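Asks: Structure file start28.csv, CSV, C-alpha atoms, is pasted below:
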```csv
chain,number,residue,atom,x,y,z
T,1,MET,CA,0.0,0.0,0.0
T,2,PRO,CA,1.4,3.5,-0.9
T,3,LEU,CA,2.4,5.5,2.1
T,4,ARG,CA,1.7,9.2,3.0
T,5,VAL,CA,3.8,10.6,5.9
T,6,VAL,CA,3.4,13.9,7.6
T,7,VAL,CA,6.6,14.4,9.6
T,8,VAL,CA,6.7,17.0,12.3
T,9,VAL,CA,10.2,18.6,12.8
T,10,GLU,CA,11.6,21.6,14.6
T,11,GLY,CA,14.4,23.0,12.3
T,12,HIS,CA,14.0,25.0,9.2
T,13,GLY,CA,16.8,22.9,7.5
T,14,GLU,CA,15.0,19.7,8.3
T,15,VAL,CA,11.8,20.8,6.5
T,16,LYS,CA,13.5,20.1,3.1
T,17,ALA,CA,16.1,17.5,4.2
T,18,ILE,CA,13.6,15.2,5.9
T,19,CYS,CA,11.6,14.8,2.7
T,20,LEU,CA,14.7,13.7,0.8
T,21,LEU,CA,15.8,11.4,3.6
T,22,LEU,CA,12.5,9.5,4.0
T,23,GLU,CA,12.3,9.1,0.2
T,24,ARG,CA,15.8,7.8,0.0
T,25,ILE,CA,15.2,5.3,2.8
T,26,TRP,CA,11.9,4.2,1.3
T,27,TYR,CA,13.1,3.7,-2.2
T,28,GLU,CA,16.8,2.9,-1.9
T,29,LEU,CA,17.0,1.0,1.3
T,30,LEU,CA,13.6,-0.6,1.6
T,31,GLY,CA,12.6,-0.9,-2.0
T,32,GLY,CA,9.2,0.7,-1.4
T,33,ASP,CA,7.0,1.6,-4.4
T,34,TYR,CA,5.5,4.9,-3.5
T,35,ILE,CA,5.7,7.4,-0.7
T,36,GLU,CA,4.4,11.0,-0.1
T,37,VAL,CA,6.3,13.0,2.5
T,38,VAL,CA,4.8,16.2,3.8
T,39,PRO,CA,6.9,18.2,6.3
T,40,TRP,CA,5.2,20.1,9.2
T,41,ARG,CA,7.3,22.4,11.4
T,42,GLY,CA,6.7,23.2,15.0
T,43,LYS,CA,8.6,26.0,16.7
T,44,GLN,CA,11.7,25.2,18.8
T,45,GLY,CA,10.6,23.9,22.1
T,46,GLN,CA,6.9,23.8,21.2
T,47,LEU,CA,6.9,20.0,20.7
T,48,ARG,CA,8.3,19.4,24.2
T,49,LYS,CA,5.2,20.5,26.0
T,50,LEU,CA,1.7,19.0,25.7
T,51,ASP,CA,0.0,22.4,25.3
T,52,GLY,CA,2.5,23.3,22.6
T,53,LEU,CA,2.3,19.9,20.9
T,54,ARG,CA,-1.5,19.9,20.7
T,55,PRO,CA,-2.1,22.5,18.0
T,56,VAL,CA,0.8,21.1,15.9
T,57,VAL,CA,-0.5,17.6,16.0
T,58,GLU,CA,-4.1,18.7,15.2
T,59,ALA,CA,-2.8,20.7,12.1
T,60,ALA,CA,-0.5,17.9,11.0
T,61,ALA,CA,-3.3,15.3,11.3
T,62,ILE,CA,-5.6,17.4,9.1
T,63,LYS,CA,-2.8,17.7,6.6
T,64,LEU,CA,-2.3,13.9,6.8
T,65,HIS,CA,-5.9,13.2,5.9
T,66,GLY,CA,-6.2,16.1,3.4
T,67,THR,CA,-6.2,13.9,0.3
T,68,ALA,CA,-9.0,12.0,-1.3
T,69,ARG,CA,-6.8,9.0,-2.2
T,70,PRO,CA,-8.3,6.0,-0.4
T,71,ASP,CA,-5.3,3.7,-1.1
T,72,LEU,CA,-2.8,5.5,1.1
T,73,ARG,CA,-1.6,4.2,4.4
T,74,ARG,CA,-1.1,7.3,6.6
T,75,LEU,CA,1.6,7.9,9.2
T,76,LEU,CA,2.1,10.9,11.5
T,77,LEU,CA,5.8,10.9,12.4
T,78,LEU,CA,7.0,13.1,15.2
T,79,MET,CA,10.8,13.7,14.9
T,80,ILE,CA,12.5,15.8,17.7
T,81,ASP,CA,16.2,16.1,18.5
T,82,THR,CA,17.0,14.9,22.0
T,83,GLU,CA,19.7,17.7,22.2
T,84,GLY,CA,21.5,15.3,24.6
T,85,GLN,CA,19.0,16.1,27.3
T,86,GLU,CA,16.4,13.4,26.8
T,87,CYS,CA,16.6,9.6,26.5
T,88,PRO,CA,14.7,8.5,23.4
T,89,LYS,CA,13.6,5.2,25.1
T,90,THR,CA,11.9,7.0,27.9
T,91,THR,CA,10.7,10.2,26.2
T,92,ALA,CA,9.2,8.7,23.1
T,93,PRO,CA,6.5,6.8,25.0
T,94,GLU,CA,5.6,10.0,26.8
T,95,ARG,CA,5.3,12.0,23.5
T,96,LEU,CA,3.3,9.3,21.9
T,97,ALA,CA,0.9,9.4,24.8
T,98,TRP,CA,0.6,13.1,24.4
T,99,VAL,CA,-0.2,12.7,20.6
T,100,ARG,CA,-2.8,10.1,21.4
T,101,GLN,CA,-4.5,12.5,23.8
T,102,VAL,CA,-4.9,14.8,20.8
T,103,ARG,CA,-5.5,12.3,18.0
T,104,SER,CA,-6.9,8.9,19.0
T,105,ASP,CA,-8.6,7.8,15.8
T,106,PRO,CA,-7.4,4.4,14.5
T,107,ALA,CA,-6.9,5.7,11.0
T,108,THR,CA,-4.0,7.8,12.1
T,109,GLU,CA,-0.8,5.7,12.7
T,110,VAL,CA,1.7,7.5,14.9
T,111,ALA,CA,5.4,7.0,15.4
T,112,CYS,CA,8.1,9.0,17.2
T,113,VAL,CA,11.8,9.1,16.3
T,114,PHE,CA,14.4,11.1,18.3
T,115,PRO,CA,17.6,11.8,16.5
T,116,ASN,CA,20.2,11.3,19.2
T,117,PRO,CA,21.4,13.9,20.0
T,118,MET,CA,20.4,15.7,16.8
T,119,PHE,CA,19.8,15.4,13.1
T,120,GLU,CA,23.4,16.1,12.3
T,121,THR,CA,24.5,13.1,14.3
T,122,TRP,CA,23.3,11.0,11.3
T,123,PHE,CA,25.9,12.8,9.1
T,124,ALA,CA,28.6,11.8,11.6
T,125,ALA,CA,27.3,8.3,11.4
T,126,SER,CA,28.0,8.3,7.6
T,127,ALA,CA,31.3,10.1,7.8
T,128,THR,CA,33.1,7.7,5.4
T,129,ALA,CA,30.6,8.5,2.6
T,130,LEU,CA,30.9,12.3,3.2
T,131,ARG,CA,34.6,12.5,2.9
T,132,GLY,CA,35.4,15.2,0.3
T,133,LYS,CA,31.7,16.0,-0.1
T,134,ASN,CA,30.2,19.5,0.2
T,135,ASP,CA,33.5,21.0,1.4
T,136,LEU,CA,34.2,18.4,4.1
T,137,PRO,CA,37.8,17.2,4.2
T,138,ILE,CA,38.9,14.1,2.3
T,139,ASP,CA,40.4,12.7,5.5
T,140,LEU,CA,37.2,13.3,7.5
T,141,PRO,CA,37.5,11.0,10.6
T,142,LYS,CA,34.9,8.3,11.2
T,143,PRO,CA,33.7,8.4,14.8
T,144,ALA,CA,33.4,5.0,16.5
T,145,ASP,CA,30.0,5.9,18.1
T,146,PRO,CA,28.5,9.2,17.1
T,147,GLU,CA,25.6,8.9,19.5
T,148,GLN,CA,27.6,8.0,22.5
T,149,GLU,CA,30.1,10.8,21.7
T,150,ARG,CA,27.1,13.2,21.3
T,151,LEU,CA,28.3,14.4,17.9
T,152,GLY,CA,26.0,16.9,16.0
T,153,LYS,CA,26.2,20.4,14.8
T,154,GLY,CA,29.5,21.0,16.6
T,155,TRP,CA,31.1,18.0,14.7
T,156,ILE,CA,30.0,19.5,11.4
T,157,ARG,CA,31.2,23.0,12.3
T,158,ARG,CA,34.6,21.6,13.4
T,159,HIS,CA,35.2,19.9,10.0
T,160,LEU,CA,33.5,22.3,7.6
T,161,PRO,CA,35.9,25.1,6.5
T,162,ARG,CA,33.0,27.6,6.2
T,163,LYS,CA,29.8,28.6,7.9
T,164,TYR,CA,27.4,25.7,8.3
T,165,LYS,CA,24.0,26.7,6.9
T,166,GLU,CA,21.3,24.3,7.9
T,167,THR,CA,18.8,25.1,5.2
T,168,VAL,CA,21.4,24.6,2.5
T,169,ASP,CA,23.7,22.0,3.9
T,170,GLN,CA,21.3,19.6,5.5
T,171,PRO,CA,19.7,18.6,2.2
T,172,ARG,CA,23.1,18.4,0.5
T,173,PHE,CA,24.4,16.0,3.2
T,174,VAL,CA,21.2,13.9,3.2
T,175,ALA,CA,21.7,13.4,-0.6
T,176,GLN,CA,25.2,12.1,-0.1
T,177,ILE,CA,25.1,10.0,3.1
T,178,ASP,CA,25.4,6.2,2.8
T,179,LEU,CA,22.1,4.9,4.3
T,180,ALA,CA,23.5,1.5,5.1
T,181,GLU,CA,26.6,3.0,6.9
T,182,CYS,CA,24.3,5.4,8.8
T,183,GLN,CA,22.1,2.5,9.8
T,184,LEU,CA,25.0,0.5,11.2
T,185,SER,CA,26.4,3.5,13.2
T,186,SER,CA,23.3,5.0,14.6
T,187,ARG,CA,20.6,3.4,16.8
T,188,SER,CA,18.2,6.3,16.3
T,189,PHE,CA,18.6,6.1,12.5
T,190,ARG,CA,17.8,2.3,12.7
T,191,LYS,CA,14.6,3.3,14.6
T,192,LEU,CA,13.6,5.6,11.7
T,193,VAL,CA,14.2,2.8,9.2
T,194,LYS,CA,12.3,0.4,11.3
T,195,GLU,CA,9.3,2.7,11.5
T,196,LEU,CA,9.2,3.0,7.7
T,197,ALA,CA,9.9,-0.7,7.1
T,198,GLU,CA,6.8,-1.6,9.2
T,199,ARG,CA,4.7,0.3,6.7
T,200,LEU,CA,5.9,-1.6,3.7
T,201,PRO,CA,3.2,-3.6,1.8
T,202,GLY,CA,3.0,-7.1,3.3
T,203,SER,CA,4.5,-6.1,6.6
T,204,GLU,CA,2.7,-7.0,9.8
T,205,LYS,CA,0.0,-4.5,10.6
T,206,HIS,CA,1.4,-1.8,12.9
T,207,ASP,CA,-0.3,-0.9,16.1
T,208,ALA,CA,-1.7,2.6,15.7
T,209,SER,CA,-0.7,3.4,19.2
T,210,GLY,CA,2.9,3.5,18.0
T,211,ASP,CA,6.1,1.5,18.7
T,212,THR,CA,8.6,3.1,20.9
T,213,SER,CA,11.3,0.5,21.0
T,214,ALA,CA,14.7,1.4,19.6
```
What would the structure in this file look like if it were written as structure tokens?

Replies:
Amino acid sequence: MPLRVVVVVEGHGEVKAICLLLERIWYELLGGDYIEVVPWRGKQGQLRKLDGLRPVVEAAAIKLHGTARPDLRRLLLLMIDTEGQECPKTTAPERLAWVRQVRSDPATEVACVFPNPMFETWFAASATALRGKNDLPIDLPKPADPEQERLGKGWIRRHLPRKYKETVDQPRFVAQIDLAECQLSSRSFRKLVKELAERLPGSEKHDASGDTSA
């Protein structure tokens, strides 16, 4: 069944980059046949409070179902950086419970993925593929465990010999990362892949309450 995803993010750069990332995972890594990705941005910090999350989820759910196509499976994906201050394994269930307070209809599947500690950590997880790309050095070091080392924007800024511009650089890096390398090196990225894989045609029906396991 074709998949429509409305993905809620915080950063301006992620609005464009997340569309490309989910499409690449779906087509290149999972071999899916059709996906629609619609980004929906919440303000910084808004998604970390129930009162702030409520209007964002309501608007994103309306967007999710704002198509007449009856053949689409629909997923509301909440994606928030942990910023090194939250544990995905404990925070994700809480956020999903909040979302379900706002949107409890069974037609709306929900998932929550926390890049740990942030979206740029996935670039560090694919450092080998990014060597010499988009002004990064050809000898870019490959971190052993980018999540444990809490690598993110700071890692990019240390190795990029110019100002890091999220709205420009995030889509460029997403286009160049090695998805398999990133999957091997990042648990939170594996969680994202898992959530999409469970929506592939023929996969076991996913519980609409959301899966929070990493």

Asks: With all atoms listed in the file as the basis for distance, which of T:Arg172, T:Arg199, T:Arg54, T:Arg190 is at the shortest distance from Ile18 (chain T)?

Replies: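 Counting all atoms listed in the file, the residue closest to Ile18 (chain T) is T:Arg172.
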
Asks: Which one is closest to Arg100 (chain T): T:Leu50, T:Glu23, T:Glu10, T:Leu151? Count all atoms listed in the file.

Replies: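 Checking each of T:Leu50, T:Glu23, T:Glu10, T:Leu151 against Arg100 (chain T), counting all atoms listed in the file, the winner is T:Leu50.
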
Asks: Using only C-alpha atoms, which of the listed residues (T:His65, T:Asp105, T:Arg73, T:Phe114) sits closest to Val8 (chain T)?

Replies: T:Phe114

Asks: Find the spatial neighbours of region 176-185 of chain T, counting all atoms listed in the file, within a cut-off of 7 Å - ignore same-chain residues fewer than 5 positions away - and output them as an MDAnalysis selection string.

Replies: chainID T and resid 122:123 125:126 129:130 145 190

Asks: With C-alpha atoms retained, write the just-selected residues as a PDB file, keeping the file's coordinate frame.

Replies:
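Okay, result-v1.pdb is ready:
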```pdb
ATOM      1  CA  TRP T 122      23.300  11.000  11.300  1.00  0.00           C
ATOM      2  CA  PHE T 123      25.900  12.800   9.100  1.00  0.00           C
ATOM      3  CA  ALA T 125      27.300   8.300  11.400  1.00  0.00           C
ATOM      4  CA  SER T 126      28.000   8.300   7.600  1.00  0.00           C
ATOM      5  CA  ALA T 129      30.600   8.500   2.600  1.00  0.00           C
ATOM      6  CA  LEU T 130      30.900  12.300   3.200  1.00  0.00           C
ATOM      7  CA  ASP T 145      30.000   5.900  18.100  1.00  0.00           C
ATOM      8  CA  ARG T 190      17.800   2.300  12.700  1.00  0.00           C
TER       9      ARG T 190
END
```

Asks: If you count only C-alpha atoms, which residues fall within 12 Å of Arg95 (chain T), apart from same-chain ones fewer than 3 positions away, as a JSON list (two decimals) with C-alpha atoms, in the coordinates of the input?

Replies:
```
[["chain", "number", "residue", "atom", "x", "y", "z"],
["T", 47, "LEU", "CA", 6.90, 20.00, 20.70],
["T", 48, "ARG", "CA", 8.30, 19.40, 24.20],
["T", 49, "LYS", "CA", 5.20, 20.50, 26.00],
["T", 50, "LEU", "CA", 1.70, 19.00, 25.70],
["T", 51, "ASP", "CA", 0.00, 22.40, 25.30],
["T", 52, "GLY", "CA", 2.50, 23.30, 22.60],
["T", 53, "LEU", "CA", 2.30, 19.90, 20.90],
["T", 54, "ARG", "CA", -1.50, 19.90, 20.70],
["T", 57, "VAL", "CA", -0.50, 17.60, 16.00],
["T", 77, "LEU", "CA", 5.80, 10.90, 12.40],
["T", 78, "LEU", "CA", 7.00, 13.10, 15.20],
["T", 79, "MET", "CA", 10.80, 13.70, 14.90],
["T", 80, "ILE", "CA", 12.50, 15.80, 17.70],
["T", 86, "GLU", "CA", 16.40, 13.40, 26.80],
["T", 87, "CYS", "CA", 16.60, 9.60, 26.50],
["T", 88, "PRO", "CA", 14.70, 8.50, 23.40],
["T", 89, "LYS", "CA", 13.60, 5.20, 25.10],
["T", 90, "THR", "CA", 11.90, 7.00, 27.90],
["T", 91, "THR", "CA", 10.70, 10.20, 26.20],
["T", 92, "ALA", "CA", 9.20, 8.70, 23.10],
["T", 98, "TRP", "CA", 0.60, 13.10, 24.40],
["T", 99, "VAL", "CA", -0.20, 12.70, 20.60],
["T", 100, "ARG", "CA", -2.80, 10.10, 21.40],
["T", 101, "GLN", "CA", -4.50, 12.50, 23.80],
["T", 102, "VAL", "CA", -4.90, 14.80, 20.80],
["T", 110, "VAL", "CA", 1.70, 7.50, 14.90],
["T", 111, "ALA", "CA", 5.40, 7.00, 15.40],
["T", 112, "CYS", "CA", 8.10, 9.00, 17.20],
["T", 113, "VAL", "CA", 11.80, 9.10, 16.30],
["T", 114, "PHE", "CA", 14.40, 11.10, 18.30],
["T", 209, "SER", "CA", -0.70, 3.40, 19.20],
["T", 210, "GLY", "CA", 2.90, 3.50, 18.00],
["T", 211, "ASP", "CA", 6.10, 1.50, 18.70],
["T", 212, "THR", "CA", 8.60, 3.10, 20.90]]
```

Asks: As an exercise, work out the distance from CA of Asp71 (chain T) to CA of Val56 (chain T) in Å and give it to one decimal place.

Replies: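 It comes out at 25.1 Å.
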
Asks: Show me the residues around (24.0, 22.8, 6.3) - criterion: an atom at most 10 Å away, only C-alpha atoms counted - as a ChimeraX atom specification.

Replies: /T:13-14,17,120,134,153,156-157,160,163-174

Asks: What's the separation between CA of Leu29 (chain T) and CA of Lys16 (chain T), in Å to one decimal place?

Replies: 19.5 Å

Asks: Grab the CA of Phe189 (chain T) to CA of Pro137 (chain T) distance for me, in Å with one decimal place.

Replies: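 Rounded to one decimal, the two atoms are 23.7 Å apart.
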